[in-house]
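J.: Below is the file structure_22.pdb, which contains PDB, C-alpha atoms.
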ATOM      1  CA  MET L   1      98.329  44.919 -19.994
ATOM      2  CA  LYS L   2      99.844  48.175 -18.839
ATOM      3  CA  LEU L   3     103.119  49.259 -20.397
ATOM      4  CA  ARG L   4     105.322  51.958 -18.899
ATOM      5  CA  TYR L   5     108.282  53.736 -20.460
ATOM      6  CA  PHE L   6     111.055  55.703 -18.778
ATOM      7  CA  ALA L   7     113.801  58.190 -19.748
ATOM      8  CA  TRP L   8     114.659  58.222 -23.470
ATOM      9  CA  VAL L   9     112.442  55.211 -24.187
ATOM     10  CA  ARG L  10     109.512  57.322 -22.900
ATOM     11  CA  GLU L  11     110.615  60.340 -24.941
ATOM     12  CA  ARG L  12     110.939  58.326 -28.160
ATOM     13  CA  VAL L  13     107.620  56.497 -27.734
ATOM     14  CA  GLY L  14     106.011  59.837 -26.872
ATOM     15  CA  LYS L  15     104.089  58.631 -23.823
ATOM     16  CA  ALA L  16     104.816  57.475 -20.275
ATOM     17  CA  GLU L  17     102.314  54.611 -20.219
ATOM     18  CA  GLU L  18      99.548  52.903 -22.159
ATOM     19  CA  ASP L  19      97.252  49.891 -22.041
ATOM     20  CA  VAL L  20      97.770  47.382 -24.841
ATOM     21  CA  ASP L  21      96.255  44.104 -25.959
ATOM     22  CA  VAL L  22      99.230  41.919 -26.722
ATOM     23  CA  PRO L  23      98.540  39.584 -29.664
ATOM     24  CA  ASP L  24      98.707  35.801 -29.292
ATOM     25  CA  GLY L  25     102.163  34.506 -30.108
ATOM     26  CA  VAL L  26     103.978  37.288 -28.264
ATOM     27  CA  ALA L  27     105.222  35.242 -25.321
ATOM     28  CA  THR L  28     108.434  36.821 -24.035
ATOM     29  CA  ILE L  29     109.834  40.265 -23.228
ATOM     30  CA  GLY L  30     112.040  40.070 -26.340
ATOM     31  CA  GLU L  31     109.039  39.210 -28.539
ATOM     32  CA  LEU L  32     107.069  42.041 -26.967
ATOM     33  CA  MET L  33     109.852  44.493 -27.908
ATOM     34  CA  THR L  34     109.843  43.172 -31.490
ATOM     35  CA  TRP L  35     106.064  43.594 -31.674
ATOM     36  CA  LEU L  36     106.224  47.096 -30.170
ATOM     37  CA  ALA L  37     108.883  48.113 -32.714
ATOM     38  CA  SER L  38     106.370  47.294 -35.480
ATOM     39  CA  ARG L  39     103.693  49.631 -34.128
ATOM     40  CA  GLY L  40     104.924  52.808 -35.802
ATOM     41  CA  GLU L  41     107.832  55.110 -36.419
ATOM     42  CA  GLU L  42     108.200  56.330 -32.823
ATOM     43  CA  TYR L  43     108.165  52.741 -31.484
ATOM     44  CA  ALA L  44     110.636  51.623 -34.155
ATOM     45  CA  HIS L  45     112.930  54.451 -33.033
ATOM     46  CA  ALA L  46     112.554  53.573 -29.334
ATOM     47  CA  PHE L  47     113.162  49.841 -29.829
ATOM     48  CA  ASP L  48     115.635  49.902 -32.736
ATOM     49  CA  ASN L  49     118.397  48.499 -30.481
ATOM     50  CA  PRO L  50     116.582  46.161 -28.061
ATOM     51  CA  LYS L  51     119.902  44.936 -26.613
ATOM     52  CA  VAL L  52     120.343  48.191 -24.691
ATOM     53  CA  ILE L  53     116.782  48.279 -23.327
ATOM     54  CA  ARG L  54     116.068  46.853 -19.883
ATOM     55  CA  ALA L  55     112.695  45.561 -18.754
ATOM     56  CA  ALA L  56     110.779  44.946 -15.553
ATOM     57  CA  ILE L  57     107.683  42.834 -14.955
ATOM     58  CA  ASP L  58     105.589  44.067 -12.064
ATOM     59  CA  LYS L  59     108.535  46.151 -10.791
ATOM     60  CA  THR L  60     111.135  43.359 -10.888
ATOM     61  CA  HIS L  61     114.048  43.215 -13.362
ATOM     62  CA  VAL L  62     113.629  40.543 -16.048
ATOM     63  CA  LYS L  63     115.573  39.284 -19.083
ATOM     64  CA  PRO L  64     114.536  39.324 -22.771
ATOM     65  CA  GLN L  65     113.772  35.590 -22.625
ATOM     66  CA  THR L  66     111.470  35.941 -19.593
ATOM     67  CA  PRO L  67     107.867  34.922 -20.393
ATOM     68  CA  ILE L  68     105.296  37.693 -20.070
ATOM     69  CA  GLY L  69     102.924  35.285 -18.345
ATOM     70  CA  THR L  70     100.253  37.011 -16.308
ATOM     71  CA  ALA L  71     102.107  40.320 -15.876
ATOM     72  CA  SER L  72      99.924  43.293 -15.092
ATOM     73  CA  GLU L  73     102.609  45.943 -15.691
ATOM     74  CA  ILE L  74     105.676  45.792 -17.927
ATOM     75  CA  ALA L  75     108.212  48.619 -18.035
ATOM     76  CA  PHE L  76     110.924  49.384 -20.591
ATOM     77  CA  PHE L  77     113.834  51.691 -19.884
ATOM     78  CA  PRO L  78     117.502  52.415 -20.667
ATOM     79  CA  PRO L  79     120.333  51.142 -18.440
ATOM     80  CA  MET L  80     120.061  52.859 -15.071
ATOM     81  CA  THR L  81     122.173  55.872 -14.149
ATOM     82  CA  GLY L  82     121.216  56.726 -10.556
ATOM     83  CA  GLY L  83     123.458  57.074  -7.561
TER      84      GLY L  83
ATOM     85  CA  MET M   1     123.167  35.599  26.479
ATOM     86  CA  ARG M   2     124.257  36.355  22.902
ATOM     87  CA  TYR M   3     124.169  40.033  21.985
ATOM     88  CA  ILE M   4     121.624  40.758  19.219
ATOM     89  CA  PRO M   5     121.785  44.346  17.999
ATOM     90  CA  ARG M   6     118.687  46.428  17.452
ATOM     91  CA  MET M   7     118.629  46.868  13.674
ATOM     92  CA  THR M   8     117.553  50.088  11.960
ATOM     93  CA  THR M   9     117.009  50.326   8.193
ATOM     94  CA  THR M  10     115.636  53.325   6.339
ATOM     95  CA  VAL M  11     114.985  53.678   2.591
ATOM     96  CA  ARG M  12     113.536  56.926   1.299
ATOM     97  CA  ILE M  13     112.930  58.245  -2.217
ATOM     98  CA  GLN M  14     112.090  61.937  -2.150
ATOM     99  CA  SER M  15     112.337  65.165  -4.132
ATOM    100  CA  GLU M  16     113.198  67.304  -1.088
ATOM    101  CA  PRO M  17     116.790  67.883   0.068
ATOM    102  CA  PHE M  18     118.051  65.877   3.058
ATOM    103  CA  ASP M  19     120.653  66.462   5.765
ATOM    104  CA  ALA M  20     123.236  63.693   5.302
ATOM    105  CA  ALA M  21     125.044  64.366   8.585
ATOM    106  CA  ALA M  22     121.819  64.342  10.615
ATOM    107  CA  GLU M  23     120.624  61.154   8.887
ATOM    108  CA  ALA M  24     123.927  59.401   9.601
ATOM    109  CA  LYS M  25     123.866  60.536  13.235
ATOM    110  CA  LYS M  26     120.483  58.828  13.678
ATOM    111  CA  LEU M  27     122.224  55.464  13.159
ATOM    112  CA  SER M  28     124.716  55.960  15.975
ATOM    113  CA  GLY M  29     122.804  58.265  18.318
ATOM    114  CA  GLY M  30     121.376  56.945  21.586
ATOM    115  CA  ARG M  31     123.359  53.688  21.548
ATOM    116  CA  THR M  32     126.876  52.533  22.323
ATOM    117  CA  ASP M  33     127.245  49.417  20.174
ATOM    118  CA  VAL M  34     128.122  51.261  16.941
ATOM    119  CA  GLY M  35     131.878  51.287  16.431
ATOM    120  CA  ALA M  36     131.933  52.297  12.767
ATOM    121  CA  LEU M  37     129.759  54.575  10.675
ATOM    122  CA  VAL M  38     130.416  54.945   6.938
ATOM    123  CA  THR M  39     128.606  57.645   4.980
ATOM    124  CA  PHE M  40     128.687  58.164   1.230
ATOM    125  CA  THR M  41     127.030  61.218  -0.288
ATOM    126  CA  GLY M  42     126.564  61.632  -4.045
ATOM    127  CA  ILE M  43     126.678  65.312  -4.994
ATOM    128  CA  CYS M  44     125.627  67.052  -8.211
ATOM    129  CA  ARG M  45     128.778  68.303  -9.982
ATOM    130  CA  GLY M  46     128.740  71.635 -11.772
ATOM    131  CA  ASN M  47     130.503  70.270 -14.816
ATOM    132  CA  GLU M  48     130.587  67.297 -17.125
ATOM    133  CA  GLY M  49     134.149  67.049 -18.381
ATOM    134  CA  SER M  50     135.048  70.609 -19.313
ATOM    135  CA  GLU M  51     131.453  71.721 -19.874
ATOM    136  CA  PRO M  52     129.440  73.495 -17.186
ATOM    137  CA  ILE M  53     126.005  72.058 -16.389
ATOM    138  CA  VAL M  54     122.906  73.943 -15.235
ATOM    139  CA  ALA M  55     121.200  71.066 -13.401
ATOM    140  CA  LEU M  56     120.493  67.339 -13.295
ATOM    141  CA  THR M  57     116.983  65.939 -13.489
ATOM    142  CA  LEU M  58     116.485  62.479 -12.036
ATOM    143  CA  GLU M  59     113.614  60.396 -13.299
ATOM    144  CA  HIS M  60     112.657  57.272 -11.353
ATOM    145  CA  TYR M  61     110.200  54.383 -11.409
ATOM    146  CA  PRO M  62     108.062  54.919  -8.289
ATOM    147  CA  GLY M  63     107.498  51.718  -6.352
ATOM    148  CA  MET M  64     110.235  49.791  -8.124
ATOM    149  CA  ALA M  65     112.967  52.183  -6.955
ATOM    150  CA  GLU M  66     112.037  51.578  -3.302
ATOM    151  CA  ALA M  67     111.586  47.831  -3.812
ATOM    152  CA  GLU M  68     114.922  47.419  -5.584
ATOM    153  CA  ILE M  69     116.862  49.373  -2.943
ATOM    154  CA  GLU M  70     115.098  47.554  -0.091
ATOM    155  CA  ARG M  71     116.011  44.227  -1.710
ATOM    156  CA  HIS M  72     119.690  45.189  -1.740
ATOM    157  CA  VAL M  73     119.578  46.574   1.796
ATOM    158  CA  ALA M  74     118.184  43.200   2.908
ATOM    159  CA  GLU M  75     121.000  41.449   1.048
ATOM    160  CA  ALA M  76     123.610  43.699   2.705
ATOM    161  CA  VAL M  77     122.112  42.956   6.122
ATOM    162  CA  ALA M  78     122.304  39.230   5.369
ATOM    163  CA  ARG M  79     125.932  39.428   4.189
ATOM    164  CA  TRP M  80     127.508  41.699   6.805
ATOM    165  CA  PRO M  81     126.993  42.168  10.561
ATOM    166  CA  LEU M  82     125.332  45.579  10.307
ATOM    167  CA  ILE M  83     123.571  47.567  12.995
ATOM    168  CA  GLY M  84     121.947  50.144  10.735
ATOM    169  CA  VAL M  85     121.531  51.119   7.091
ATOM    170  CA  THR M  86     120.097  54.305   5.589
ATOM    171  CA  VAL M  87     119.634  54.939   1.867
ATOM    172  CA  ILE M  88     118.075  58.183   0.638
ATOM    173  CA  HIS M  89     117.798  59.019  -3.066
ATOM    174  CA  ARG M  90     116.307  62.184  -4.508
ATOM    175  CA  HIS M  91     114.426  62.608  -7.778
ATOM    176  CA  GLY M  92     113.487  65.689  -9.757
ATOM    177  CA  ARG M  93     115.643  68.692 -10.637
ATOM    178  CA  ILE M  94     118.874  69.011  -8.662
ATOM    179  CA  GLN M  95     121.349  71.865  -8.999
ATOM    180  CA  PRO M  96     125.164  71.750  -8.759
ATOM    181  CA  GLY M  97     126.342  71.489  -5.158
ATOM    182  CA  GLU M  98     123.157  69.794  -3.940
ATOM    183  CA  ASP M  99     123.186  66.258  -2.541
ATOM    184  CA  ILE M 100     121.625  63.629  -4.837
ATOM    185  CA  MET M 101     121.726  60.568  -2.623
ATOM    186  CA  MET M 102     123.341  59.036   0.436
ATOM    187  CA  VAL M 103     124.179  55.636   1.873
ATOM    188  CA  ALA M 104     125.092  55.234   5.527
ATOM    189  CA  THR M 105     126.051  51.944   7.167
ATOM    190  CA  ALA M 106     126.703  51.332  10.837
ATOM    191  CA  SER M 107     128.412  48.325  12.365
ATOM    192  CA  SER M 108     130.523  47.338  15.355
ATOM    193  CA  HIS M 109     133.665  47.318  13.181
ATOM    194  CA  ARG M 110     134.782  49.173  10.088
ATOM    195  CA  GLN M 111     135.165  46.298   7.601
ATOM    196  CA  ALA M 112     131.445  45.492   7.483
ATOM    197  CA  ALA M 113     130.448  49.161   7.299
ATOM    198  CA  PHE M 114     132.872  49.938   4.426
ATOM    199  CA  ALA M 115     132.033  46.792   2.454
ATOM    200  CA  ALA M 116     128.259  47.143   2.814
ATOM    201  CA  ALA M 117     128.319  50.822   1.798
ATOM    202  CA  GLU M 118     130.338  50.030  -1.304
ATOM    203  CA  PHE M 119     128.138  47.043  -2.167
ATOM    204  CA  LEU M 120     124.998  49.181  -1.862
ATOM    205  CA  MET M 121     126.471  51.978  -3.994
ATOM    206  CA  ASP M 122     127.622  49.606  -6.727
ATOM    207  CA  TYR M 123     124.207  47.953  -6.962
ATOM    208  CA  LEU M 124     122.312  51.187  -6.665
ATOM    209  CA  LYS M 125     124.099  52.587  -9.706
ATOM    210  CA  THR M 126     123.266  49.624 -11.937
ATOM    211  CA  ARG M 127     119.985  48.202 -10.554
ATOM    212  CA  ALA M 128     117.923  50.975  -8.985
ATOM    213  CA  PRO M 129     115.586  52.477 -11.608
ATOM    214  CA  PHE M 130     116.832  56.069 -11.773
ATOM    215  CA  TRP M 131     117.895  57.965 -14.882
ATOM    216  CA  LYS M 132     119.917  61.182 -14.957
ATOM    217  CA  GLN M 133     119.324  63.875 -17.523
ATOM    218  CA  VAL M 134     121.921  66.647 -17.819
ATOM    219  CA  GLU M 135     120.748  70.173 -18.479
ATOM    220  CA  LYS M 136     123.295  72.448 -20.157
ATOM    221  CA  ALA M 137     122.966  75.918 -21.654
ATOM    222  CA  ASP M 138     122.344  74.403 -25.107
ATOM    223  CA  GLY M 139     119.858  71.654 -24.168
ATOM    224  CA  THR M 140     119.404  68.373 -22.323
ATOM    225  CA  THR M 141     120.941  64.907 -22.755
ATOM    226  CA  TRP M 142     120.492  61.563 -20.971
ATOM    227  CA  VAL M 143     123.525  60.283 -19.109
ATOM    228  CA  ASP M 144     124.923  57.047 -20.587
ATOM    229  CA  ALA M 145     125.406  54.075 -18.277
ATOM    230  CA  LYS M 146     129.064  53.248 -17.651
ATOM    231  CA  ALA M 147     130.516  49.795 -18.271
ATOM    232  CA  THR M 148     132.778  50.424 -15.266
ATOM    233  CA  ASP M 149     129.671  50.613 -13.043
ATOM    234  CA  ASP M 150     128.480  47.213 -14.303
ATOM    235  CA  ALA M 151     131.929  45.787 -13.606
ATOM    236  CA  ALA M 152     131.896  47.279 -10.097
ATOM    237  CA  ALA M 153     128.534  45.632  -9.325
ATOM    238  CA  GLU M 154     129.620  42.346 -10.863
ATOM    239  CA  ARG M 155     132.478  41.796  -8.390
ATOM    240  CA  TRP M 156     129.949  41.347  -5.537
ATOM    241  CA  ALA M 157     128.007  38.588  -7.273
ATOM    242  CA  ALA M 158     128.572  35.203  -5.715
ATOM    243  CA  PRO M 159     129.234  32.363  -8.211
ATOM    244  CA  GLY M 160     126.018  30.969  -9.638
ATOM    245  CA  ARG M 161     123.860  33.879  -8.588
ATOM    246  CA  LYS M 162     124.899  36.703 -10.850
ATOM    247  CA  HIS M 163     122.563  39.594 -11.436
ATOM    248  CA  ALA M 164     121.183  40.652 -14.813
ATOM    249  CA  ALA M 165     123.229  43.859 -14.578
ATOM    250  CA  ALA M 166     126.310  41.875 -15.408
ATOM    251  CA  GLU M 167     124.975  40.565 -18.720
TER     252      GLU M 167
END
What would the structure in this file look like if it were written as structure tokens?

T.:
Amino acid sequence: MKLRYFAWVRERVGKAEEDVDVPDGVATIGELMTWLASRGEEYAHAFDNPKVIRAAIDKTHVKPQTPIGTASEIAFFPPMTGG
Amino acid sequence: MRYIPRMTTTVRIQSEPFDAAAEAKKLSGGRTDVGALVTFTGICRGNEGSEPIVALTLEHYPGMAEAEIERHVAEAVARWPLIGVTVIHRHGRIQPGEDIMMVATASSHRQAAFAAAEFLMDYLKTRAPFWKQVEKADGTTWVDAKATDDAAAERWAAPGRKHAAAE
């Protein structure tokens, strides 16, 4: 599964994207954030307050309780500040 | 026979500058059914509070930015009797005084054009995947999202179909 990071989430993780094998038992976006936070200091820093992080599955906004299902691309980013 | 307007919608994400007046004129030019044209242009300010800024850098999520804006343009077209909609949003480094983005809405009457432009702006600020980074003399910082922007988007949500932005 491809993960993409934007803005300060990208800066904290230290990369814009990566391919990961998500372990069994990680079923939702919220669980994926918890698992990512356990992958090292930079991830822990990026995901230390998951409430403020937004997510998209295959370029559509989703909620923390949304199942990952058969997503091919999941993105994590801060609240948007365009316009 | 019932009059069915020829509908024009344009969504562009680009790094290059754009000409807001010329883009707006395209919605009303060569036709006589447009009675109202509303244009909003977002411009890069040269200060944040009392502090001067050097530039803004806009990061975006290619593909999703277009899809998200197109989704809201389609919703605006479904909600109001519009004749044309144009949304252009830049990414990359933008200096004070330069245009960042624009929304233009054309309709037979002003109410639909005003409402749709405001609806699109409110959703664009909270749902379109763009992030602003401010560059000042002493370094860069990410702009924080404003709760007032979420509240502005929330007022358009019909009961029972609220968007995640309001959570």

J.: Go through L:Ala71, L:Phe77, L:Thr66, L:Gly82 and flag the residue nearest Thr28 in chain L, using all atoms listed in the file for the distances.

T.: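 For Thr28 in chain L, the nearest of the candidates is L:Thr66.
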
J.: Identify every residue of chain L that has at least one atom within 8 Å of any atom of chain M, counting only C-alpha atoms, and report the result as a VMD selection string.

T.: chain L and resid 6 to 8 59 to 63 79 to 83

J.: Interatomic distance between CA of Trp35 in chain L and CA of Gly69 in chain L?

T.: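 Value for the CA of Trp35 in chain L-CA of Gly69 in chain L distance: 16.0 Å.
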
J.: For the file shown, what are the residues hit by the PyMOL selection byres ((chain M and resi 7) around 10), laid out as a ChimeraX atom specification?

T.: /M:4-6,8-9,27,77,82-85,106-107

J.: Need the shell around Met33 in chain L: protein/DNA/RNA residues with any atom at most 10 Å away, counting all atoms listed in the file. Skip same-chain ones fewer than 6 positions apart. Format as a CSV table (one decimal) with C-alpha atoms, keeping the file's coordinate frame?

T.:
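Contents of around15.csv, freshly written:
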chain,number,residue,atom,x,y,z
L,26,VAL,CA,104.0,37.3,-28.3
L,43,TYR,CA,108.2,52.7,-31.5
L,44,ALA,CA,110.6,51.6,-34.2
L,46,ALA,CA,112.6,53.6,-29.3
L,47,PHE,CA,113.2,49.8,-29.8
L,48,ASP,CA,115.6,49.9,-32.7
L,49,ASN,CA,118.4,48.5,-30.5
L,50,PRO,CA,116.6,46.2,-28.1
L,53,ILE,CA,116.8,48.3,-23.3
L,55,ALA,CA,112.7,45.6,-18.8
L,64,PRO,CA,114.5,39.3,-22.8
L,76,PHE,CA,110.9,49.4,-20.6

J.: So which residues touch Glu75 in chain M within 10 Å, counting all atoms listed in the file, skipping near sequence neighbours fewer than 6 positions away, as a list in words?

T.: Ile69, Ala116, Phe119 and Leu120 of chain M

J.: Between CA of Ala74 in chain M and CA of Lys26 in chain M, what is the spacing in Å?

T.: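 These two atoms are separated by 19.1 Å.
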
J.: Distance CA of Glu11 in chain L-CA of Ala55 in chain M, one decimal place?

T.: 19.0 Å

J.: From the set M:Val73, M:Val87, M:Val54, M:Ala78, which residue has the shortest atom-to-atom contact distance to Arg12 in chain M, counting only C-alpha atoms?

T.: M:Val87

J.: I'd like to know which of M:Ala104, M:Thr57, M:Gly97, M:Pro81 is closest to Ser28 in chain M, using all atoms listed in the file.

T.: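 Closest to Ser28 in chain M of all the choices is M:Ala104.
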
J.: With distances taken over all atoms listed in the file, which residue among L:Ile57, L:Ala27, L:Ala75, L:Leu32 lies nearest Val9 in chain L?

T.: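 Of all the options, L:Ala75 lies closest to Val9 in chain L.
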
J.: I need the output of the PyMOL selection byres ((chain L and resi 2) around 10) for this file as number ranges by chain; which residues are they?

T.: L: 1, 3-4, 17-21, 58, 71-75

J.: To test your reading of the syntax: which residues would the PyMOL selection byres ((chain M and resi 135-137) around 6) return for the file shown? Reply as a PDB file with C-alpha atoms, in the coordinates of the input.

T.:
ATOM      1  CA  ILE M  53     126.005  72.058 -16.389  1.00  0.00           C
ATOM      2  CA  VAL M  54     122.906  73.943 -15.235  1.00  0.00           C
ATOM      3  CA  ALA M  55     121.200  71.066 -13.401  1.00  0.00           C
ATOM      4  CA  LEU M  56     120.493  67.339 -13.295  1.00  0.00           C
ATOM      5  CA  VAL M 134     121.921  66.647 -17.819  1.00  0.00           C
ATOM      6  CA  ASP M 138     122.344  74.403 -25.107  1.00  0.00           C
ATOM      7  CA  GLY M 139     119.858  71.654 -24.168  1.00  0.00           C
ATOM      8  CA  THR M 140     119.404  68.373 -22.323  1.00  0.00           C
TER       9      THR M 140
END

J.: Each side padded by 3 Å, which centre and which edge lengths in Å (one decimal) define the axis-aligned box around the listed atoms of range 13-19 of chain L? Give them as JSON.

T.:
{"center_x": 102.4, "center_y": 54.9, "center_z": -24.0, "size_x": 16.4, "size_y": 15.9, "size_z": 13.5}

J.: Which of these, L:Arg39, L:His45, L:Arg10, L:Lys51, has the shortest distance to Val22 in chain L once you count all atoms listed in the file?

T.: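 Residue with the minimum atom-to-atom distance to Val22 in chain L: L:Arg39.
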